[in-house]
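Heads up, start11.cif below (mmCIF, C-alpha atoms):
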```
data_coords
#
loop_
_atom_site.label_atom_id
_atom_site.label_comp_id
_atom_site.auth_asym_id
_atom_site.auth_seq_id
_atom_site.Cartn_x
_atom_site.Cartn_y
_atom_site.Cartn_z
CA MET A 1 64.71 -6.66 -7.34
CA LYS A 2 64.48 -10.32 -6.37
CA LYS A 3 64.03 -13.40 -8.50
CA TYR A 4 60.76 -15.32 -8.38
CA GLU A 5 61.31 -18.77 -9.83
CA VAL A 6 58.62 -20.38 -11.97
CA LYS A 7 59.11 -24.08 -12.66
CA ASP A 8 60.18 -24.87 -16.24
CA HIS A 9 59.89 -21.19 -17.23
CA GLU A 10 61.85 -17.96 -17.03
CA TYR A 11 61.98 -16.27 -13.64
CA SER A 12 60.30 -12.97 -12.72
CA LEU A 13 62.00 -9.93 -11.21
CA LEU A 14 59.92 -8.49 -8.34
CA PRO A 15 60.34 -5.48 -6.05
CA GLU A 16 62.17 -6.14 -2.80
CA GLY A 17 60.62 -5.83 0.64
CA LEU A 18 57.32 -7.57 -0.09
CA ASP A 19 56.17 -11.19 0.01
CA TRP A 20 54.73 -11.84 -3.43
CA GLU A 21 52.13 -14.39 -4.55
CA LEU A 22 51.44 -15.27 -8.18
CA VAL A 23 47.68 -14.83 -8.73
CA TRP A 24 47.29 -14.94 -12.54
CA ALA A 25 49.55 -15.89 -15.44
CA ASP A 26 49.76 -17.13 -18.97
CA GLU A 27 52.99 -18.91 -19.88
CA PHE A 28 51.68 -19.61 -23.41
CA ASP A 29 52.38 -23.32 -23.14
CA GLY A 30 51.06 -25.70 -25.76
CA THR A 31 50.02 -24.79 -29.28
CA GLU A 32 46.60 -23.14 -28.81
CA LEU A 33 45.86 -19.73 -27.33
CA ASP A 34 43.83 -20.02 -24.10
CA ARG A 35 40.58 -18.31 -25.07
CA THR A 36 39.30 -18.49 -21.49
CA LYS A 37 42.00 -15.91 -20.69
CA TRP A 38 42.22 -13.83 -23.86
CA ASP A 39 39.94 -12.38 -26.48
CA TYR A 40 40.94 -10.52 -29.63
CA ARG A 41 40.29 -6.79 -29.64
CA LEU A 42 38.74 -5.94 -33.00
CA HIS A 43 36.81 -2.72 -32.29
CA MET A 44 37.85 0.72 -31.08
CA MET A 45 35.53 3.59 -30.17
CA ASN A 46 32.41 1.92 -31.61
CA LYS A 47 33.99 0.89 -34.92
CA ARG A 48 35.66 -2.16 -36.42
CA HIS A 49 39.31 -1.15 -36.61
CA PRO A 50 40.88 -2.09 -39.97
CA ALA A 51 44.35 -2.62 -38.44
CA TRP A 52 43.32 -5.65 -36.35
CA THR A 53 42.67 -9.32 -37.05
CA ASP A 54 41.84 -12.39 -35.00
CA GLN A 55 44.32 -14.45 -37.01
CA GLY A 56 47.60 -12.81 -36.04
CA VAL A 57 48.68 -14.75 -32.92
CA HIS A 58 49.97 -18.30 -32.63
CA LEU A 59 51.78 -20.29 -29.93
CA ASP A 60 55.12 -21.65 -31.10
CA GLY A 61 55.20 -24.72 -28.82
CA LYS A 62 58.13 -23.20 -26.91
CA SER A 63 56.04 -21.21 -24.40
CA ASN A 64 55.75 -18.10 -26.56
CA ALA A 65 52.85 -16.20 -28.09
CA VAL A 66 53.98 -14.91 -31.47
CA PHE A 67 52.26 -11.84 -32.97
CA THR A 68 52.82 -11.52 -36.71
CA LEU A 69 52.54 -8.58 -39.10
CA MET A 70 50.49 -10.21 -41.84
CA SER A 71 48.26 -9.61 -44.85
CA GLU A 72 44.47 -9.90 -44.84
CA ASP A 73 42.45 -9.00 -47.94
CA GLY A 74 45.55 -7.39 -49.39
CA ARG A 75 46.26 -5.05 -46.47
CA PRO A 76 48.71 -5.35 -43.57
CA VAL A 77 47.12 -6.21 -40.20
CA SER A 78 48.10 -7.57 -36.77
CA SER A 79 46.44 -8.52 -33.48
CA GLN A 80 45.58 -7.25 -30.01
CA LEU A 81 44.76 -9.55 -27.09
CA GLN A 82 42.79 -8.47 -24.02
CA THR A 83 41.39 -9.99 -20.83
CA GLY A 84 38.46 -7.55 -20.69
CA TYR A 85 36.53 -4.92 -22.59
CA ASN A 86 36.28 -1.13 -22.78
CA PHE A 87 32.59 -0.17 -22.71
CA MET A 88 33.16 2.37 -25.52
CA ASP A 89 34.72 -0.07 -28.02
CA ALA A 90 31.76 -2.19 -29.21
CA PRO A 91 29.73 -0.88 -32.17
CA ILE A 92 26.61 1.13 -31.31
CA MET A 93 23.41 -0.83 -31.85
CA GLU A 94 19.99 0.72 -32.46
CA THR A 95 18.03 0.84 -29.22
CA LYS A 96 14.93 2.40 -27.73
CA PHE A 97 13.81 3.02 -24.17
CA GLY A 98 10.36 1.57 -23.66
CA ASN A 99 8.30 2.77 -26.63
CA ALA A 100 10.47 5.84 -27.14
CA HIS A 101 13.07 5.89 -29.89
CA LEU A 102 15.92 7.07 -27.68
CA GLN A 103 19.43 5.99 -28.61
CA TRP A 104 21.81 4.67 -25.92
CA ASN A 105 25.17 5.38 -27.56
CA ILE A 106 27.13 2.31 -26.49
CA GLY A 107 27.21 -1.21 -27.86
CA LYS A 108 26.46 -4.54 -26.22
CA LEU A 109 28.45 -4.91 -23.00
CA LYS A 110 30.60 -7.99 -22.33
CA GLU A 111 31.72 -9.55 -19.07
CA SER A 112 35.50 -9.23 -18.64
CA MET A 113 37.48 -12.44 -18.27
CA TYR A 114 40.05 -11.06 -15.84
CA LEU A 115 40.27 -7.80 -13.91
CA HIS A 116 42.76 -6.93 -11.19
CA GLY A 117 43.79 -3.99 -9.05
CA TYR A 118 46.85 -3.36 -6.89
CA GLY A 119 49.81 -5.64 -7.58
CA TYR A 120 52.81 -6.23 -9.80
CA TYR A 121 52.26 -6.79 -13.53
CA GLU A 122 55.07 -8.22 -15.64
CA CYS A 123 55.58 -9.21 -19.27
CA ARG A 124 58.69 -10.72 -20.79
CA CYS A 125 58.79 -10.09 -24.51
CA ARG A 126 60.92 -9.40 -27.57
CA MET A 127 59.81 -6.32 -29.44
CA GLN A 128 59.14 -6.09 -33.15
CA GLN A 129 62.28 -6.09 -35.29
CA LYS A 130 61.18 -3.88 -38.21
CA GLU A 131 59.30 -0.65 -38.95
CA GLY A 132 55.67 -0.47 -40.00
CA TRP A 133 53.92 -1.56 -36.81
CA TRP A 134 54.15 -1.17 -33.05
CA SER A 135 53.70 -3.14 -29.83
CA ALA A 136 52.49 -2.51 -26.27
CA PHE A 137 51.75 -4.06 -22.87
CA TRP A 138 49.19 -2.11 -20.85
CA ILE A 139 46.12 -2.19 -18.61
CA GLN A 140 42.86 -0.29 -18.91
CA SER A 141 39.68 0.30 -16.94
CA PRO A 142 36.51 -1.03 -18.59
CA VAL A 143 34.78 2.30 -17.80
CA ILE A 144 37.58 4.82 -18.26
CA GLY A 145 36.18 8.27 -18.98
CA ALA A 146 32.71 7.59 -17.58
CA SER A 147 33.48 10.23 -14.94
CA LEU A 148 36.13 12.85 -14.26
CA ASP A 149 37.34 11.01 -11.16
CA PRO A 150 40.05 8.37 -11.83
CA ALA A 151 39.40 6.84 -8.41
CA ASP A 152 35.86 6.16 -9.59
CA THR A 153 36.28 5.09 -13.21
CA GLY A 154 39.93 4.11 -13.52
CA VAL A 155 42.81 4.88 -15.84
CA GLU A 156 44.91 3.57 -18.71
CA ILE A 157 48.45 2.55 -17.70
CA ASP A 158 50.95 2.00 -20.53
CA ILE A 159 53.68 -0.26 -19.15
CA MET A 160 55.49 -0.68 -22.47
CA GLU A 161 54.95 0.95 -25.85
CA SER A 162 57.39 0.63 -28.74
CA PHE A 163 56.58 2.53 -31.94
CA HIS A 164 59.99 1.88 -33.50
CA PRO A 165 62.29 -1.14 -33.06
CA GLY A 166 64.25 -0.84 -29.83
CA GLU A 167 62.58 2.40 -28.73
CA VAL A 168 60.52 2.20 -25.51
CA LYS A 169 58.34 5.27 -25.20
CA PRO A 170 57.64 6.99 -21.85
CA HIS A 171 55.18 5.13 -19.63
CA ASN A 172 51.76 6.82 -19.61
CA VAL A 173 48.81 7.16 -17.27
CA PHE A 174 45.64 8.48 -18.97
CA THR A 175 42.43 9.60 -17.28
CA GLY A 176 39.16 11.14 -18.41
CA GLY A 177 38.66 8.95 -21.45
CA TYR A 178 39.87 9.88 -24.92
CA GLY A 179 38.03 13.09 -25.72
CA LEU A 180 37.87 16.63 -24.34
CA ASP A 181 38.60 15.54 -20.77
CA MET A 182 41.64 13.37 -21.44
CA GLN A 183 44.64 13.98 -19.19
CA ARG A 184 48.07 12.36 -19.40
CA SER A 185 51.07 11.88 -17.16
CA LYS A 186 54.29 10.29 -18.43
CA VAL A 187 57.70 9.23 -17.15
CA GLY A 188 60.77 7.31 -18.26
CA GLY A 189 61.48 5.61 -21.57
CA MET A 190 64.72 4.31 -23.14
CA ASN A 191 66.28 2.48 -26.06
CA LEU A 192 66.89 -1.28 -25.85
CA ASP A 193 68.26 -4.09 -27.98
CA GLU A 194 65.18 -5.24 -29.89
CA THR A 195 66.78 -8.60 -30.70
CA GLU A 196 66.71 -9.62 -27.01
CA PHE A 197 63.89 -10.42 -24.58
CA HIS A 198 63.18 -7.81 -21.89
CA ARG A 199 61.02 -7.69 -18.75
CA PHE A 200 58.56 -4.82 -18.38
CA GLY A 201 56.91 -4.37 -15.00
CA LEU A 202 54.43 -2.17 -13.14
CA LEU A 203 54.08 -1.88 -9.38
CA TRP A 204 50.61 -0.43 -8.74
CA ASP A 205 49.83 0.41 -5.14
CA GLU A 206 48.30 3.11 -2.93
CA THR A 207 51.22 5.46 -3.63
CA GLY A 208 51.08 5.38 -7.43
CA TYR A 209 52.49 3.59 -10.46
CA THR A 210 56.17 2.54 -10.52
CA PHE A 211 57.61 1.23 -13.78
CA TYR A 212 60.48 -1.22 -14.27
CA ILE A 213 62.52 -2.36 -17.25
CA ASP A 214 64.68 -5.46 -16.74
CA GLY A 215 64.41 -5.06 -12.98
CA VAL A 216 65.49 -1.40 -12.91
CA GLU A 217 63.08 1.36 -11.92
CA ASP A 218 62.22 3.66 -14.83
CA GLY A 219 60.11 6.27 -13.06
CA LYS A 220 57.02 6.69 -10.90
CA ILE A 221 53.74 8.56 -11.36
CA THR A 222 52.04 9.63 -8.12
CA GLU A 223 48.91 11.34 -9.51
CA LYS A 224 45.69 10.12 -11.14
CA LEU A 225 45.41 7.42 -8.48
CA THR A 226 42.85 4.64 -8.71
CA ALA A 227 42.18 1.25 -7.22
CA ARG A 228 39.51 0.21 -9.74
CA PRO A 229 40.22 -3.28 -11.19
CA GLU A 230 41.44 -3.21 -14.78
CA PHE A 231 42.08 -5.61 -17.65
CA ILE A 232 45.31 -6.54 -19.41
CA LEU A 233 46.20 -5.96 -23.05
CA ILE A 234 49.07 -7.18 -25.21
CA SER A 235 48.75 -5.31 -28.43
CA THR A 236 50.24 -4.65 -31.83
CA GLU A 237 49.01 -2.30 -34.53
CA VAL A 238 49.95 -1.38 -38.06
CA THR A 239 51.22 2.18 -38.37
CA GLY A 240 49.16 4.57 -40.49
CA TYR A 241 45.55 3.48 -39.98
CA ARG A 242 45.03 6.26 -37.41
CA ARG A 243 46.28 9.01 -39.72
CA GLU A 244 43.89 11.29 -41.57
CA ASP A 245 44.07 9.19 -44.75
CA HIS A 246 43.60 5.92 -42.73
CA LEU A 247 46.19 4.14 -44.88
CA PRO A 248 48.99 1.85 -43.66
CA VAL A 249 52.55 3.03 -44.19
CA GLN A 250 54.63 1.42 -46.91
CA GLU A 251 56.91 -0.26 -44.34
CA ALA A 252 53.92 -2.29 -43.16
CA TYR A 253 53.65 -3.83 -46.64
CA ASP A 254 57.40 -4.29 -46.94
CA ASN A 255 57.96 -5.93 -43.55
CA GLN A 256 55.13 -8.47 -43.40
CA GLY A 257 56.25 -11.57 -41.53
CA ASP A 258 57.96 -9.58 -38.77
CA THR A 259 57.10 -10.76 -35.24
CA PHE A 260 56.55 -9.53 -31.68
CA THR A 261 57.07 -12.40 -29.23
CA VAL A 262 55.66 -12.69 -25.70
CA ASP A 263 57.17 -15.23 -23.30
CA TYR A 264 54.74 -14.70 -20.42
CA VAL A 265 52.36 -12.31 -18.68
CA ARG A 266 52.10 -12.54 -14.86
CA VAL A 267 50.22 -10.76 -12.09
CA PHE A 268 51.39 -10.86 -8.47
CA GLU A 269 49.83 -9.69 -5.23
CA ALA A 270 51.71 -8.67 -2.11
CA LYS A 271 50.71 -10.84 0.83
CA ARG A 272 49.30 -8.75 3.68
#
```
How would this structure read if it were set down as structure tokens?
Amino acid sequence: MKKYEVKDHEYSLLPEGLDWELVWADEFDGTELDRTKWDYRLHMMNKRHPAWTDQGVHLDGKSNAVFTLMSEDGRPVSSQLQTGYNFMDAPIMETKFGNAHLQWNIGKLKESMYLHGYGYYECRCRMQQKEGWWSAFWIQSPVIGASLDPADTGVEIDIMESFHPGEVKPHNVFTGGYGLDMQRSKVGGMNLDETEFHRFGLLWDETGYTFYIDGVEDGKITEKLTARPEFILISTEVTGYRREDHLPVQEAYDNQGDTFTVDYVRVFEAKR
């Protein structure tokens, strides 16, 4: 890997052998989140998700976005940020076609703020320190699952997921949506020092998806290939809300105030 210097900020680590150009970034400078780049994800699969809030991220004035495990209406919540929208997330609204009462089972569509295809995606972050919630850096197609062909409707690529402090789960590629046709490939994963910042990267090109942790390759997936532009997510979620009882775990109450800190998110393209 080679260093890519960014003035007044931490450097990136990029794959050798290519001439890289920075095409999109958020360094989280200042004290206000740039809402032209990010929106809060509040809905999942047509429903308002009780684990998420639009109050859980602040900039610390030191070029970091800080995600906090917090309380809202007496329950633990946290935040997800995204640069685009999954067409299946928004709540279903009553519709009719012409004069017929036919229901189109998706919500109101939104225009994504940023989509991108082939390139190198990198996030430098410090994972959560305590149990009760989890963090992730990933990209997703706005229309994943709208067909069986990933080349047509895209994939989900999980660059970093940490369900327990210091544990980085295998990197995933999902296709076919999140129902009967879902397929998954996975590779890599390791344990890291959760008290330190780490760089998580994805090289996405015509040959597949290559994952990096701190500049070291952590596996490659060469199936489920797509070139469809996708949007970026930095996410946290309280553990327990997805269980059958839909209740947060006790650790989420006990460890409120814990943080997940993001230094930057960058997207690079290889010059042709």
Determine, counting all atoms listed in the file, which protein, DNA and RNA residues have an atom within 12 Å of an atom of A:Lys130; residues of the same chain fewer than 6 positions away are not included. Present the result as an NGL selection string.
:A and (68-69 or 162-167 or 194-195 or 238-239 or 251-260)
Where does the PyMOL selection byres ((chain A and resi 82) around 8) land in this file, that is, which residues does it pick, as an MDAnalysis selection string?
chainID A and resid 38:41 80:81 83:85 231:234
All file atoms of stretch 135-153 of chain A boxed axis-aligned, 5 Å per side, centre plus edges, as JSON:
```
{"center_x": 43.2, "center_y": 4.4, "center_z": -19.1, "size_x": 31.0, "size_y": 26.9, "size_z": 31.4}
```
Given only C-alpha atoms, how would the per-residue table for stretch 193-255 of chain A near stretch 148-151 of chain A read, listing every residue at most 7 Å away with its closest atom pair and distance in Å to one decimal, sorted by chain and number, as JSON lines?
```
{"residue": "A:Lys224", "atom": "CA", "partner": "A:Pro150", "partner_atom": "CA", "distance": 5.9}
{"residue": "A:Leu225", "atom": "CA", "partner": "A:Ala151", "partner_atom": "CA", "distance": 6.0}
{"residue": "A:Thr226", "atom": "CA", "partner": "A:Ala151", "partner_atom": "CA", "distance": 4.1}
{"residue": "A:Ala227", "atom": "CA", "partner": "A:Ala151", "partner_atom": "CA", "distance": 6.4}
{"residue": "A:Arg228", "atom": "CA", "partner": "A:Ala151", "partner_atom": "CA", "distance": 6.8}
```
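Distance-wise, atom CA of A:Ser112 and atom CA of A:Gly176 end up 20.7 Å apart.
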I'd like the neighbourhood of A:Asp205 as an mmCIF file with C-alpha atoms, in the coordinates of the input, where a residue qualifies if any of its atoms comes within 8 Å (using all atoms listed in the file), though same-chain residues fewer than 3 positions away should be ignored.
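Once written, result_0.cif looks like this:
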```
data_model
loop_
_atom_site.group_PDB
_atom_site.id
_atom_site.type_symbol
_atom_site.label_atom_id
_atom_site.label_comp_id
_atom_site.auth_asym_id
_atom_site.auth_seq_id
_atom_site.Cartn_x
_atom_site.Cartn_y
_atom_site.Cartn_z
ATOM 1 C CA TYR A 118 46.850 -3.360 -6.890
ATOM 2 C CA GLY A 119 49.810 -5.640 -7.580
ATOM 3 C CA GLY A 208 51.080 5.380 -7.430
ATOM 4 C CA TYR A 209 52.490 3.590 -10.460
ATOM 5 C CA ALA A 227 42.180 1.250 -7.220
#
```
Can you work out which one of A:Pro142, A:Ala90, A:Glu161, A:Gly201 has the shortest atom-to-atom distance to A:Val216, counting only C-alpha atoms?
A:Gly201
For the structure provided, state which residues fall under the PyMOL selection byres ((chain A and resi 137) around 12), and present them as an NGL selection string.
:A and (80-82 or 121-127 or 134-136 or 138-140 or 156-162 or 168-169 or 171-172 or 199-202 or 231-236 or 260-262 or 264-266)
Can you measure atom CA of A:Phe28 to atom CA of A:Tyr241 for me? One decimal in Å is fine.
29.1 Å
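Between A:Tyr114 and the candidates A:Tyr11, A:Phe268, A:Tyr212, A:Trp24, the tightest atom-to-atom separation, counting all atoms listed in the file, involves A:Trp24.
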So which one's closest to A:His9, A:Ser79, A:Ser185, A:Ser63, A:Thr175? Using all atoms listed in the file, please.
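Under the stated criterion, the closest residue is A:Ser63.
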In Å and to one decimal, atom CA of A:Val23 is distant from atom CA of A:Asn64 by 19.8 Å
For a cutoff of 12 Å around the file-coordinate point (30.3, 5.1, -31.9), which residues qualify once you count only C-alpha atoms? I'd like the result as number ranges by chain.
A: 43-49, 87-94, 103-108
In terms of only C-alpha atoms, the residue from A:Thr153, A:Val249, A:Lys2, A:Thr36 at minimal distance from A:Glu111 is A:Thr36
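Put simply, the PyMOL selection byres ((chain A and resi 269) around 7) on this file hits Trp20, Glu21, Leu22, Val23, Gly119, Tyr120, Val267, Phe268, Ala270 and Lys271 of chain A.
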What does the file look like for those residues with C-alpha atoms, as a tab-separated table (two decimals), in the frame of the given file?
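Final output, result.tsv:
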```
chain	number	residue	atom	x	y	z
A	20	TRP	CA	54.73	-11.84	-3.43
A	21	GLU	CA	52.13	-14.39	-4.55
A	22	LEU	CA	51.44	-15.27	-8.18
A	23	VAL	CA	47.68	-14.83	-8.73
A	119	GLY	CA	49.81	-5.64	-7.58
A	120	TYR	CA	52.81	-6.23	-9.80
A	267	VAL	CA	50.22	-10.76	-12.09
A	268	PHE	CA	51.39	-10.86	-8.47
A	270	ALA	CA	51.71	-8.67	-2.11
A	271	LYS	CA	50.71	-10.84	0.83
```
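Of the residues listed (A:Glu131, A:Asp54, A:Glu27, A:Glu16), A:Glu16 shows the shortest atom-to-atom separation from A:Leu203; distances use only C-alpha atoms.
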